[in-house]
Structures are given as C-alpha cells and as structure tokens.
file work29.cif (mmCIF, C-alpha atoms)
data_run
loop_
_atom_site.label_atom_id
_atom_site.label_comp_id
_atom_site.auth_asym_id
_atom_site.auth_seq_id
_atom_site.Cartn_x
_atom_site.Cartn_y
_atom_site.Cartn_z
CA MET C 1 29.23 3.63 -9.95
CA PRO C 2 30.69 0.18 -10.78
CA PRO C 3 34.26 -0.20 -9.47
CA GLY C 4 37.05 0.48 -11.99
CA LEU C 5 34.88 2.59 -14.31
CA ARG C 6 35.49 6.30 -14.81
CA PRO C 7 32.49 8.45 -15.80
CA ALA C 8 33.70 8.75 -19.39
CA GLU C 9 33.86 4.96 -19.69
CA LEU C 10 30.53 4.27 -18.05
CA GLN C 11 28.23 4.25 -21.08
CA SER C 12 30.41 1.78 -22.98
CA ALA C 13 29.94 -0.72 -20.14
CA PHE C 14 26.23 -1.03 -20.96
CA ARG C 15 26.35 -2.37 -24.50
CA SER C 16 22.75 -3.48 -25.11
CA ARG C 17 20.72 -1.16 -27.32
CA LEU C 18 17.66 -2.03 -25.26
CA HIS C 19 18.76 0.35 -22.51
CA GLU C 20 16.75 3.05 -24.26
CA PRO C 21 13.65 5.20 -23.60
CA ARG C 22 11.05 3.45 -25.77
CA THR C 23 11.65 0.05 -24.17
CA ALA C 24 11.57 1.65 -20.71
CA VAL C 25 8.30 3.44 -21.49
CA VAL C 26 6.54 0.29 -22.74
CA ILE C 27 7.54 -1.76 -19.71
CA GLY C 28 6.79 1.22 -17.49
CA ARG C 29 3.21 1.31 -18.78
CA TRP C 30 2.72 -2.36 -17.92
CA LEU C 31 4.34 -1.95 -14.52
CA GLY C 32 2.32 1.19 -13.81
CA ALA C 33 -0.92 -0.63 -14.62
CA ALA C 34 0.03 -3.48 -12.26
CA PHE C 35 0.92 -1.00 -9.51
CA ILE C 36 -2.34 0.93 -9.91
CA VAL C 37 -4.49 -2.24 -9.76
CA CYS C 38 -2.49 -3.51 -6.79
CA PHE C 39 -2.71 -0.15 -5.00
CA LEU C 40 -6.45 0.38 -5.47
CA THR C 41 -7.39 -3.17 -4.52
CA GLY C 42 -5.05 -2.91 -1.52
CA LEU C 43 -6.92 0.19 -0.37
CA ILE C 44 -10.17 -1.78 -0.57
CA SER C 45 -8.70 -4.58 1.54
CA HIS C 46 -7.32 -2.15 4.11
CA GLY C 47 -10.62 -0.28 4.26
CA LEU C 48 -12.59 -3.47 4.87
CA GLN C 49 -10.20 -4.69 7.57
CA ASP C 50 -9.64 -1.41 9.37
CA PRO C 51 -12.22 1.14 8.18
CA PRO C 52 -11.87 4.77 9.24
CA GLY C 53 -14.74 6.19 11.25
CA TRP C 54 -16.38 7.95 8.30
CA LEU C 55 -16.48 4.70 6.31
CA ARG C 56 -17.38 2.26 9.07
CA ASP C 57 -21.15 2.48 8.64
CA HIS C 58 -21.03 2.39 4.84
CA LEU C 59 -19.18 -0.85 4.15
CA PRO C 60 -21.11 -2.89 1.56
CA SER C 61 -21.96 -6.54 2.06
CA ARG C 62 -22.57 -6.97 -1.66
CA PRO C 63 -21.52 -8.16 -4.15
CA VAL C 64 -21.08 -11.45 -2.36
CA ASN C 65 -17.80 -12.15 -4.18
CA GLY C 66 -16.54 -8.59 -4.05
CA TYR C 67 -13.59 -9.19 -1.72
CA ARG C 68 -12.78 -12.45 -3.47
CA ILE C 69 -12.33 -10.55 -6.74
CA THR C 70 -10.53 -7.47 -5.42
CA GLN C 71 -8.09 -9.35 -3.19
CA GLY C 72 -7.47 -11.91 -5.91
CA LEU C 73 -6.60 -9.07 -8.29
CA HIS C 74 -4.40 -7.53 -5.60
CA VAL C 75 -2.23 -10.62 -5.25
CA ILE C 76 -2.27 -11.45 -8.98
CA SER C 77 -1.14 -7.93 -9.96
CA GLY C 78 1.44 -7.89 -7.15
CA ILE C 79 3.02 -11.14 -8.34
CA ALA C 80 2.89 -9.97 -11.98
CA ALA C 81 4.74 -6.80 -10.92
CA ILE C 82 7.80 -8.84 -9.84
CA PRO C 83 9.07 -9.79 -13.35
CA LEU C 84 7.93 -6.41 -14.67
CA LEU C 85 9.93 -4.61 -11.99
CA GLY C 86 12.98 -6.71 -12.80
CA ALA C 87 12.67 -5.96 -16.53
CA LYS C 88 12.17 -2.25 -15.89
CA LEU C 89 15.25 -2.07 -13.65
CA TRP C 90 17.35 -3.92 -16.23
CA THR C 91 16.26 -1.47 -18.93
CA VAL C 92 17.06 1.71 -16.99
CA TYR C 93 19.86 0.69 -14.65
CA PRO C 94 22.63 2.44 -16.67
CA ARG C 95 20.94 5.71 -15.74
CA LEU C 96 21.17 4.85 -12.07
CA PHE C 97 24.94 5.32 -12.42
CA ALA C 98 24.75 8.55 -14.43
CA TRP C 99 27.45 11.11 -13.61
CA PRO C 100 27.22 13.63 -12.10
CA PRO C 101 24.44 12.26 -9.87
CA VAL C 102 22.49 15.54 -9.88
CA ARG C 103 22.60 18.05 -12.73
CA SER C 104 19.61 20.31 -12.05
CA VAL C 105 16.56 20.79 -9.86
CA LEU C 106 14.44 18.71 -12.27
CA HIS C 107 17.07 15.99 -12.28
CA ALA C 108 17.15 16.05 -8.47
CA LEU C 109 13.36 15.53 -8.41
CA GLU C 110 13.74 12.69 -10.87
CA ARG C 111 16.38 11.07 -8.65
CA LEU C 112 14.22 11.52 -5.55
CA GLY C 113 11.28 9.87 -7.33
CA ILE C 114 13.48 6.93 -8.33
CA VAL C 115 14.75 6.47 -4.77
CA LEU C 116 11.22 6.51 -3.31
CA LEU C 117 9.73 4.35 -6.05
CA LEU C 118 12.51 1.79 -6.23
CA GLY C 119 12.97 1.38 -2.48
CA ALA C 120 9.26 1.17 -1.68
CA ALA C 121 8.41 -1.03 -4.68
CA VAL C 122 11.10 -3.61 -3.95
CA LEU C 123 10.10 -3.81 -0.28
CA GLU C 124 6.42 -3.91 -1.19
CA VAL C 125 6.60 -6.84 -3.60
CA PHE C 126 9.13 -8.69 -1.41
CA THR C 127 7.08 -8.46 1.80
CA GLY C 128 3.83 -9.04 -0.11
CA LEU C 129 5.18 -12.23 -1.66
CA LEU C 130 6.33 -13.55 1.72
CA ASN C 131 2.91 -12.69 3.16
CA THR C 132 1.29 -15.07 0.67
CA LEU C 133 3.51 -17.74 2.25
CA GLN C 134 2.61 -16.56 5.77
CA TRP C 135 6.30 -16.04 6.53
CA TYR C 136 7.23 -12.89 8.43
CA PRO C 137 11.00 -12.76 9.04
CA TRP C 138 10.93 -9.10 10.11
CA PRO C 139 10.18 -7.30 13.39
CA PHE C 140 7.64 -4.77 12.06
CA PRO C 141 3.87 -5.29 11.60
CA PHE C 142 3.20 -6.39 8.04
CA ARG C 143 -0.21 -4.87 7.32
CA GLN C 144 0.53 -1.34 8.49
CA THR C 145 3.98 -1.30 6.87
CA HIS C 146 2.61 -2.69 3.61
CA PHE C 147 -0.08 0.02 3.60
CA TRP C 148 2.32 2.95 4.04
CA LEU C 149 4.90 1.53 1.64
CA ALA C 150 2.17 1.51 -1.00
CA TRP C 151 1.59 5.24 -0.51
CA ILE C 152 5.33 5.93 -0.70
CA ALA C 153 5.62 3.89 -3.90
CA VAL C 154 2.70 5.71 -5.52
CA GLY C 155 4.12 9.07 -4.45
CA GLY C 156 7.47 8.15 -5.95
CA LEU C 157 5.74 6.96 -9.13
CA LEU C 158 3.85 10.23 -9.55
CA LEU C 159 6.99 12.27 -8.91
CA HIS C 160 8.92 10.14 -11.39
CA ILE C 161 6.23 10.54 -14.07
CA ALA C 162 6.11 14.29 -13.55
CA ALA C 163 9.89 14.65 -13.87
CA LYS C 164 10.13 12.34 -16.89
CA TYR C 165 6.95 13.44 -18.64
CA PRO C 166 8.63 15.00 -21.70
CA GLU C 167 10.63 11.82 -22.38
CA ILE C 168 7.64 9.57 -21.64
CA SER C 169 5.44 11.62 -23.99
CA ALA C 170 8.05 11.54 -26.78
CA ASN C 171 8.25 7.73 -26.62
CA TRP C 172 4.64 6.87 -25.83
CA ARG C 173 3.58 6.22 -29.41
CA ARG C 174 5.26 3.52 -31.47
CA VAL C 175 5.44 5.63 -34.63
CA ARG C 176 7.67 8.18 -32.93
CA ALA C 177 10.23 5.66 -31.74
CA ALA C 178 13.13 4.42 -33.82
CA GLN C 179 13.24 0.67 -34.40
CA VAL C 180 15.79 -1.01 -32.16
CA PRO C 181 16.90 -4.57 -33.00
CA GLY C 182 15.73 -7.02 -30.36
CA ARG C 183 13.16 -4.72 -28.75
CA ARG C 184 10.14 -6.70 -29.92
CA ALA C 185 11.68 -10.01 -28.84
CA PHE C 186 12.59 -8.58 -25.44
CA LEU C 187 9.12 -7.15 -24.83
CA THR C 188 7.54 -10.41 -25.99
CA GLY C 189 9.75 -12.33 -23.57
CA VAL C 190 8.72 -10.05 -20.70
CA ALA C 191 5.03 -10.41 -21.58
CA VAL C 192 5.31 -14.21 -21.80
CA SER C 193 7.11 -14.30 -18.43
CA VAL C 194 4.37 -12.26 -16.77
CA ALA C 195 1.67 -14.44 -18.35
CA ALA C 196 3.43 -17.62 -17.20
CA VAL C 197 3.87 -16.40 -13.63
CA THR C 198 0.23 -15.37 -13.53
CA ALA C 199 -1.00 -18.66 -14.99
CA VAL C 200 0.81 -20.82 -12.42
CA THR C 201 -0.22 -18.73 -9.38
CA ALA C 202 -3.67 -17.27 -10.11
CA GLY C 203 -5.41 -20.64 -9.76
CA GLN C 204 -5.72 -20.07 -6.01
CA THR C 205 -8.30 -17.41 -6.92
CA VAL C 206 -9.44 -18.13 -10.49
CA PRO C 207 -11.23 -21.51 -10.63
CA TRP C 208 -10.58 -22.19 -14.34
CA LEU C 209 -6.82 -21.81 -13.77
CA ARG C 210 -6.77 -24.22 -10.84
CA ARG C 211 -5.17 -27.05 -12.80
CA LEU C 212 -2.19 -24.79 -13.51
CA ASP C 213 -1.83 -23.79 -9.86
CA LEU C 214 1.78 -25.00 -9.61
CA LEU C 215 3.57 -22.20 -7.75
CA ALA C 216 0.80 -20.61 -5.68
CA PRO C 217 1.30 -21.16 -1.93
CA ARG C 218 -2.21 -22.56 -1.44
CA ARG C 219 -4.65 -24.77 -3.30
CA PRO C 220 -8.20 -23.67 -2.44
CA ASP C 221 -9.57 -27.22 -2.62
CA VAL C 222 -7.08 -28.85 -0.23
CA GLY C 223 -7.74 -28.96 3.50
CA PRO C 224 -10.23 -30.26 6.07
CA GLN C 225 -13.69 -30.56 4.54
CA GLY C 226 -12.24 -29.42 1.21
CA LEU C 227 -11.23 -25.95 2.40
CA PRO C 228 -7.80 -24.52 3.27
CA VAL C 229 -6.95 -23.48 6.81
CA ASN C 230 -4.72 -20.59 7.82
CA ARG C 231 -4.96 -20.84 11.61
CA THR C 232 -5.56 -24.26 13.10
CA ALA C 233 -7.42 -25.05 16.30
CA ALA C 234 -4.16 -26.21 17.84
CA ALA C 235 -2.46 -22.89 17.03
CA ALA C 236 -5.43 -20.97 18.44
CA GLY C 237 -5.61 -23.08 21.60
CA THR C 238 -9.17 -24.24 20.91
CA ALA C 239 -8.47 -27.85 20.02
CA HIS C 240 -10.02 -29.18 23.25
CA VAL C 241 -13.35 -27.32 23.15
CA VAL C 242 -16.12 -29.77 24.07
CA ALA C 243 -19.59 -29.18 22.64
CA ALA C 244 -21.33 -30.13 25.90
CA ASP C 245 -19.44 -27.39 27.76
CA TRP C 246 -19.87 -24.68 25.16
CA ARG C 247 -22.34 -21.83 25.47
CA LEU C 248 -22.97 -18.96 23.12
CA ALA C 249 -23.46 -15.76 25.10
CA VAL C 250 -25.32 -12.93 23.37
CA LYS C 251 -25.02 -9.57 25.14
CA GLY C 252 -27.54 -6.83 24.44
CA ARG C 253 -30.63 -5.17 25.91
CA THR C 254 -32.00 -8.68 26.43
CA PRO C 255 -28.98 -10.92 27.04
CA TYR C 256 -29.23 -14.69 26.77
CA THR C 257 -27.16 -17.83 26.29
CA LEU C 258 -27.63 -20.84 24.05
CA THR C 259 -26.18 -24.34 24.12
CA LEU C 260 -25.09 -25.93 20.88
CA ALA C 261 -28.26 -28.04 20.86
CA GLU C 262 -30.44 -24.97 21.42
CA LEU C 263 -28.64 -23.09 18.67
CA GLY C 264 -29.14 -26.03 16.32
CA ALA C 265 -32.86 -26.09 17.13
CA LEU C 266 -33.33 -22.52 15.86
CA PRO C 267 -34.30 -21.94 12.19
CA GLN C 268 -31.34 -22.89 10.02
CA TYR C 269 -30.33 -21.23 6.77
CA THR C 270 -27.82 -22.22 4.09
CA ALA C 271 -25.77 -19.79 2.01
CA GLN C 272 -23.08 -20.36 -0.61
CA LEU C 273 -20.31 -17.96 0.33
CA PRO C 274 -16.56 -17.77 -0.27
CA ILE C 275 -13.74 -17.67 2.22
CA SER C 276 -11.37 -15.08 0.78
CA CYS C 277 -8.04 -14.47 2.47
CA VAL C 278 -5.53 -11.67 2.23
CA GLU C 279 -2.93 -14.13 0.90
CA GLY C 280 -4.96 -14.28 -2.32
CA TRP C 281 -6.65 -17.67 -2.12
CA SER C 282 -10.41 -18.12 -2.02
CA ALA C 283 -12.85 -21.02 -1.97
CA SER C 284 -16.63 -21.30 -1.96
CA ALA C 285 -18.65 -23.55 0.31
CA HIS C 286 -22.21 -24.12 1.48
CA TRP C 287 -22.55 -22.88 5.05
CA THR C 288 -25.49 -23.68 7.32
CA GLY C 289 -26.40 -21.98 10.57
CA VAL C 290 -28.44 -19.27 12.28
CA ARG C 291 -28.80 -15.82 10.78
CA VAL C 292 -26.90 -13.27 12.84
CA ARG C 293 -29.69 -10.74 12.49
CA ASP C 294 -32.11 -13.18 14.15
CA LEU C 295 -29.75 -13.47 17.12
CA LEU C 296 -29.50 -9.67 17.31
CA ASP C 297 -33.27 -9.24 17.17
CA ARG C 298 -33.67 -11.66 20.07
CA ALA C 299 -31.15 -9.56 22.04
CA GLY C 300 -33.17 -6.39 21.39
CA ALA C 301 -30.62 -4.71 19.10
CA HIS C 302 -31.76 -1.79 16.99
CA ALA C 303 -31.34 -1.85 13.20
CA GLY C 304 -28.11 0.20 13.13
CA ALA C 305 -26.28 -1.68 15.89
CA ARG C 306 -22.80 -3.05 15.28
CA LEU C 307 -21.66 -6.37 16.63
CA ARG C 308 -18.55 -7.37 18.53
CA VAL C 309 -17.57 -11.01 17.98
CA VAL C 310 -15.39 -12.73 20.59
CA SER C 311 -13.53 -15.95 19.84
CA LEU C 312 -12.39 -18.73 22.14
CA GLU C 313 -8.85 -18.43 20.76
CA ARG C 314 -6.34 -17.39 23.39
CA SER C 315 -4.28 -14.94 21.34
CA GLY C 316 -4.07 -13.35 17.93
CA GLY C 317 -4.90 -10.06 16.31
CA TYR C 318 -8.42 -11.16 15.39
CA ALA C 319 -9.59 -12.86 18.58
CA VAL C 320 -12.07 -9.99 18.90
CA THR C 321 -13.57 -8.39 15.77
CA GLU C 322 -16.32 -5.91 15.04
CA MET C 323 -19.03 -6.31 12.44
CA GLU C 324 -20.80 -3.32 10.96
CA ALA C 325 -24.59 -3.22 10.74
CA SER C 326 -24.53 -3.71 6.95
CA TYR C 327 -23.01 -7.16 7.51
CA ALA C 328 -24.83 -8.05 10.72
CA ARG C 329 -28.22 -7.38 9.10
CA ASP C 330 -27.48 -9.07 5.80
CA PRO C 331 -29.64 -12.21 5.47
CA LEU C 332 -26.62 -14.18 4.21
CA THR C 333 -24.52 -13.50 7.30
CA LEU C 334 -24.60 -16.61 9.47
CA LEU C 335 -23.30 -17.98 12.70
CA ALA C 336 -22.41 -21.18 10.88
CA LEU C 337 -22.56 -24.64 12.47
CA ARG C 338 -22.02 -26.74 9.36
CA VAL C 339 -20.10 -26.55 6.08
CA ASN C 340 -20.97 -28.55 2.97
CA GLY C 341 -23.46 -30.55 5.02
CA GLU C 342 -20.96 -31.55 7.73
CA VAL C 343 -20.48 -30.31 11.29
CA LEU C 344 -17.62 -27.82 11.34
CA ALA C 345 -14.22 -29.38 11.82
CA PRO C 346 -12.19 -27.92 14.72
CA ASP C 347 -9.87 -26.17 12.26
CA HIS C 348 -12.87 -24.52 10.59
CA GLY C 349 -14.24 -23.07 13.80
CA PHE C 350 -16.20 -25.77 15.65
CA PRO C 351 -18.58 -25.27 17.35
CA ALA C 352 -19.59 -22.05 15.54
CA ARG C 353 -18.07 -19.44 13.29
CA ILE C 354 -19.01 -16.27 11.43
CA ILE C 355 -19.47 -16.30 7.67
CA ALA C 356 -20.53 -13.12 5.86
CA PRO C 357 -20.57 -11.92 2.22
CA ASN C 358 -17.87 -9.60 0.84
CA ARG C 359 -15.70 -9.82 3.94
CA PRO C 360 -11.99 -10.61 4.46
CA GLY C 361 -11.32 -14.12 5.72
CA VAL C 362 -9.50 -12.84 8.81
CA LEU C 363 -12.79 -11.28 9.96
CA GLN C 364 -14.81 -14.48 9.49
CA THR C 365 -14.22 -15.28 13.16
CA LYS C 366 -13.90 -18.93 14.16
CA TRP C 367 -14.60 -20.59 17.53
CA VAL C 368 -17.16 -17.94 18.48
CA SER C 369 -18.01 -17.76 22.20
CA ARG C 370 -19.75 -14.41 22.55
CA LEU C 371 -21.69 -11.84 20.51
CA GLU C 372 -21.94 -8.35 21.95
CA VAL C 373 -24.33 -5.74 20.61
CA VAL C 374 -22.63 -2.34 20.20
CA GLU C 375 -25.33 0.31 20.24
#

call {"tool": "encode", "arguments": {"input": "work29.cif", "output": "structure tokens"}}
result
Amino acid sequence: MPPGLRPAELQSAFRSRLHEPRTAVVIGRWLGAAFIVCFLTGLISHGLQDPPGWLRDHLPSRPVNGYRITQGLHVISGIAAIPLLGAKLWTVYPRLFAWPPVRSVLHALERLGIVLLLGAAVLEVFTGLLNTLQWYPWPFPFRQTHFWLAWIAVGGLLLHIAAKYPEISANWRRVRAAQVPGRRAFLTGVAVSVAAVTAVTAGQTVPWLRRLDLLAPRRPDVGPQGLPVNRTAAAAGTAHVVAADWRLAVKGRTPYTLTLAELGALPQYTAQLPISCVEGWSASAHWTGVRVRDLLDRAGAHAGARLRVVSLERSGGYAVTEMEASYARDPLTLLALRVNGEVLAPDHGFPARIIAPNRPGVLQTKWVSRLEVVE
C-alpha cells in the first residue's frame, strides 16, 4: 500500500476512470494473444533446439522458412507484449493495493495468479529483450530459464482467467460496458504504440519492413558477405585456420577424410536458404556445397542415421551438435563452402559450415571439422 494512505483513502488516490474492468479486459485480450503466440512459437524453438526423445526423429525440415517465420513471430510478439504489459499494469494497479489483501478462497487464487503471471511475465519480456541484444547480465542459463518462466506465466494466466472469469465475461462485449470518457483514446494510443514498436523492430525478420528497422538490434543485410554474424571466428578461436591444413573427417562404417580441394571437386549444389537466429533476425542467401546425404552415403550410413557435427571452435554450447535424419537426408542440407558465389568468410564458417532448411541458426554449425554417423 502506498505510504501515508489508509485503506479508506486508497481508492481516491487513483482518480482516472480508466482503472476499470472494460479497459482491463480489452487490453488483456491483446496481451493474452501476444502471450499465446509468443508461448507457442517459443515451444517450437525449444523443441527444434533441444527435442525430447519422442520428438527427435520427427522434426520436419520443411517448410524451408518455417523457423524463420515462427521465431520471427516469437520475437515480434514478445516485443509487442512490452507496451501491452505496461498498459495492462497501469489499468489494474489500484487493485494490487486492495485491502484487505485476501478476502476469500477465490480472491486468494486470483492473487496467486497475479503474482505468478506478473513476476514471470516481467522477467520473461525483460530477459527476452536483452537476449535479442546478446547481453546476459545474470548468472543463470538464459534458454532453460526462459523456457520455464514461460510455463509459469501461462499457468498464472490460466489461473487468473479462471478466477476472474465472471468479470471478464461481463465486460467482454462492448454493448454490455458503460461508456467511459477517454477509454477509446487510451486504447487507440496503446494500439498505436504497439504498432509503432512493431514497425521499427520487425524489419530484422520481415523484409518489407526493413527500411523502418530503426530499433531492432540487428539489420539482416549488414555484415560480412551481406549477412550478420553472431559469433565471430576470433571469438570462436578459429581465425587462424589454414585451408591447406584442414581436413574433413567423416566417421561411419566406411570412414574417410577429405581435403578442401577434394571436397570442392565433389558434385556441388546450390540452395537458397535463410539463416534464422533465436534473437529474431533472419536473412536469405545462396549457399553452395556438398549435400550432406552424399557424404553420409559414402560413409555407409543407413537411411535413419543421425549425424553428429563437430566444429573447430574451442568452446561454446554448440561446438558439437546433432542433426536428425530428416535434416541430414534432405537434399537442401549442405556442407556449404560458398555463400552468394564467394568462398565463405572466416566469420561465416570457413572452410565449411552446415546449412539446412527449417533449422535454428545456432545449429547451423560453422568451422566444421568432423561428421560422425550416429547409428
């Protein structure tokens, strides 16, 4: 309760008529839609990065732009939720100081839902926003924490809806709500704010909004060879790899090694595929290299074999990744040697990198040194 205010004086401290149910319900619908889109697309991203055993062999490699769309929507809806969350809190915050704090079992459930929803939602959008900037000023792992906070927020949301259902239902339709001066202007202002925030950040994913990409942390057309870079060769410790010393080792029933010249002499294929990162940016390019399935066939791998990809980078959570058979056997999945007609720059994975359709950018392993068949 604000200092100096007795319970009887509390309501008079919040003078705006917009602290009322209809306004809260309208903004709550918008915020709920943003949360649902963000939650579902986040589950897709988590499933593709760290699939449970029952899902591992069923991950789809198509549509080609699937992850680009879902992760773009994840970040767009998460950023849009920030002004919506602020507006929602402003509308209902007098009730946060209601006295007494708990009046009944139903009210206690309502309060519990608010605590879970508010705490998890604020942390979720705050850490998610900093993740788009690749800034992690906390000691806990981002991805796992972000995942479980999402479940807590959704649980709190469902509990809150259940406890407040009668009031939500009574104010859902416009005809049942009394007209409050300023409500339409306030809701219009919130909608315009959300649209503006979206317009100046979504260009990192949506090509036709790229000219408005003023506040997004990354422009998808800026970087070596016209593509952004998250992890440089210097940061990965691969800046001094020399092509003459490099060998690709392929481990399987029939193991073999290839020099860069030998790899370049194999049949080459070109595919237009996007790099799509968890931070929300994506960019398409023309990649040229050897089909991964051809390398697996030469190693004697069976059709359902998975692939372990080992990078030259010295450290990092994705120095070793696994590729499911659906990706490894897709004809568009390449061990790429060139991008947009040029030899890969060191920051883009020289001498060779993985590029596959519908896959998170963190799993498109750069600086590949070894492919291991997992039977």

call {"tool": "resolve_selection", "arguments": {"input": "work29.cif", "expression": "the PyMOL selection byres ((chain C and resi 73) around 9)", "output": "list in words"}}
result
Val37, Cys38, Thr41, Arg68, Ile69, Thr70, Gln71, Gly72, His74, Val75, Ile76, Ser77, Gly78, Ala202, Thr205 and Gly280 of chain C

call {"tool": "resolve_selection", "arguments": {"input": "work29.cif", "expression": "the PyMOL selection byres ((chain C and resi 246-255) around 7)", "output": "PyMOL selection string"}}
result
chain C and resi 242-245+256-260+299-301+369-373

call {"tool": "closest_residue", "arguments": {"input": "work29.cif", "among": "C:Ala170, C:Ile152, C:Ala163, C:Val190", "to": "C:Val122", "atoms": "only C-alpha atoms"}}
result
C:Ile152

call {"tool": "atom_distance", "arguments": {"input": "work29.cif", "atom1": "atom CA of C:Glu375", "atom2": "atom CA of C:Ala325"}}
result
10.2 Å

call {"tool": "resolve_selection", "arguments": {"input": "work29.cif", "expression": "the PyMOL selection byres ((chain C and resi 360) around 7)", "output": "list in words"}}
result
Gln49, Tyr67, Ser276, Cys277, Val278, Asn358, Arg359, Gly361, Val362, Leu363 and Gln364 of chain C

call {"tool": "write_last_selection", "arguments": {"input": "work29.cif", "atoms": "C-alpha atoms", "output": "compact mmCIF listing (two decimals), in the frame of the given file"}}
result
# COMPACT_ATOMS: atom_id res chain seq x y z
CA GLN C 49 -10.20 -4.69 7.57
CA TYR C 67 -13.59 -9.19 -1.72
CA SER C 276 -11.37 -15.08 0.78
CA CYS C 277 -8.04 -14.47 2.47
CA VAL C 278 -5.53 -11.67 2.23
CA ASN C 358 -17.87 -9.60 0.84
CA ARG C 359 -15.70 -9.82 3.94
CA GLY C 361 -11.32 -14.12 5.72
CA VAL C 362 -9.50 -12.84 8.81
CA LEU C 363 -12.79 -11.28 9.96
CA GLN C 364 -14.81 -14.48 9.49

call {"tool": "residues_around", "arguments": {"input": "work29.cif", "residues": "C:Leu187", "least_positions_apart": "2", "cutoff": "10 Å", "atoms": "only C-alpha atoms", "output": "list in words"}}
result
Leu18, Thr23, Val26, Ile27, Ala87, Gly182, Arg183, Arg184, Ala185, Gly189, Val190, Ala191, Val192 and Ser193 of chain C

call {"tool": "atom_distance", "arguments": {"input": "work29.cif", "atom1": "atom CA of C:Gly156", "atom2": "atom CA of C:Val115"}}
result
7.6 Å

call {"tool": "atom_distance", "arguments": {"input": "work29.cif", "atom1": "atom CA of C:Ile36", "atom2": "atom CA of C:Leu214"}}
result
26.3 Å

call {"tool": "closest_residue", "arguments": {"input": "work29.cif", "among": "C:Arg210, C:Val25, C:Pro274, C:Glu324", "to": "C:Gly53", "atoms": "all atoms listed in the file"}}
result
C:Glu324

call {"tool": "residues_near_point", "arguments": {"input": "work29.cif", "point": "(-23.4, -19.8, 9.2)", "cutoff": "6 Å", "atoms": "only C-alpha atoms", "output": "count of residues only"}}
result
9

call {"tool": "closest_residue", "arguments": {"input": "work29.cif", "among": "C:Pro94, C:Gly349, C:Gly86, C:Gly128", "to": "C:Thr232", "atoms": "only C-alpha atoms"}}
result
C:Gly349

call {"tool": "closest_residue", "arguments": {"input": "work29.cif", "among": "C:Phe350, C:Phe126, C:Trp135, C:Phe35", "to": "C:Trp151", "atoms": "only C-alpha atoms"}}
result
C:Phe35

call {"tool": "residues_near_point", "arguments": {"input": "work29.cif", "point": "(-1.9, -0.2, 4.2)", "cutoff": "10 Å", "atoms": "all atoms listed in the file", "output": "list in words"}}
result
Phe39, Gly42, Leu43, Ile44, Ser45, His46, Gly47, Asp50, Phe142, Arg143, Gln144, Thr145, His146, Phe147, Trp148, Leu149, Ala150 and Trp151 of chain C

call {"tool": "decode", "arguments": {"input": "work29.cif", "residues": "stretch 138-144 of chain C", "atoms": "all heavy atoms", "output": "compact mmCIF listing (two decimals), in the first residue's frame"}}
result
# COMPACT_ATOMS: atom_id res chain seq x y z
N TRP C 138 23.22 -11.85 -16.03
CA TRP C 138 22.70 -12.68 -14.94
C TRP C 138 23.48 -13.99 -14.89
O TRP C 138 24.07 -14.41 -15.89
CB TRP C 138 21.20 -12.94 -15.14
CG TRP C 138 20.86 -13.39 -16.53
CD1 TRP C 138 21.11 -14.60 -17.10
CD2 TRP C 138 20.23 -12.61 -17.55
NE1 TRP C 138 20.68 -14.64 -18.40
CE2 TRP C 138 20.12 -13.44 -18.70
CE3 TRP C 138 19.72 -11.32 -17.61
CZ2 TRP C 138 19.54 -12.99 -19.88
CZ3 TRP C 138 19.14 -10.89 -18.79
CH2 TRP C 138 19.06 -11.72 -19.91
N PRO C 139 23.47 -14.67 -13.75
CA PRO C 139 24.29 -15.87 -13.60
C PRO C 139 23.62 -17.16 -14.07
O PRO C 139 24.26 -18.21 -14.11
CB PRO C 139 24.55 -15.92 -12.08
CG PRO C 139 23.33 -15.28 -11.50
CD PRO C 139 22.92 -14.20 -12.45
N PHE C 140 22.33 -17.12 -14.40
CA PHE C 140 21.61 -18.34 -14.75
C PHE C 140 21.57 -18.54 -16.26
O PHE C 140 21.68 -17.58 -17.02
CB PHE C 140 20.18 -18.31 -14.18
CG PHE C 140 19.42 -17.05 -14.49
CD1 PHE C 140 18.79 -16.85 -15.72
CD2 PHE C 140 19.32 -16.04 -13.54
CE1 PHE C 140 18.09 -15.70 -15.99
CE2 PHE C 140 18.62 -14.87 -13.80
CZ PHE C 140 18.00 -14.70 -15.03
N PRO C 141 21.40 -19.78 -16.73
CA PRO C 141 21.33 -20.04 -18.18
C PRO C 141 20.05 -19.45 -18.76
O PRO C 141 18.96 -19.71 -18.24
CB PRO C 141 21.35 -21.57 -18.27
CG PRO C 141 20.84 -22.05 -16.95
CD PRO C 141 21.30 -21.04 -15.94
N PHE C 142 20.18 -18.70 -19.83
CA PHE C 142 19.02 -17.99 -20.38
C PHE C 142 17.97 -18.95 -20.93
O PHE C 142 16.79 -18.84 -20.60
CB PHE C 142 19.46 -17.02 -21.48
CG PHE C 142 18.29 -16.52 -22.29
CD1 PHE C 142 17.44 -15.57 -21.78
CD2 PHE C 142 18.03 -17.04 -23.57
CE1 PHE C 142 16.34 -15.12 -22.51
CE2 PHE C 142 16.94 -16.60 -24.30
CZ PHE C 142 16.09 -15.64 -23.77
N ARG C 143 18.37 -19.86 -21.81
CA ARG C 143 17.38 -20.64 -22.56
C ARG C 143 16.51 -21.48 -21.64
O ARG C 143 15.28 -21.50 -21.77
CB ARG C 143 18.09 -21.53 -23.59
CG ARG C 143 17.13 -22.24 -24.53
CD ARG C 143 17.87 -22.79 -25.74
NE ARG C 143 18.90 -23.73 -25.36
CZ ARG C 143 18.69 -25.03 -25.16
NH1 ARG C 143 17.47 -25.53 -25.29
NH2 ARG C 143 19.68 -25.83 -24.84
N GLN C 144 17.11 -22.19 -20.69
CA GLN C 144 16.33 -23.02 -19.79
C GLN C 144 15.44 -22.18 -18.89
O GLN C 144 14.27 -22.51 -18.65
CB GLN C 144 17.26 -23.90 -18.94
CG GLN C 144 18.04 -24.94 -19.73
CD GLN C 144 19.32 -24.40 -20.34
OE1 GLN C 144 19.51 -23.18 -20.45
NE2 GLN C 144 20.21 -25.30 -20.74
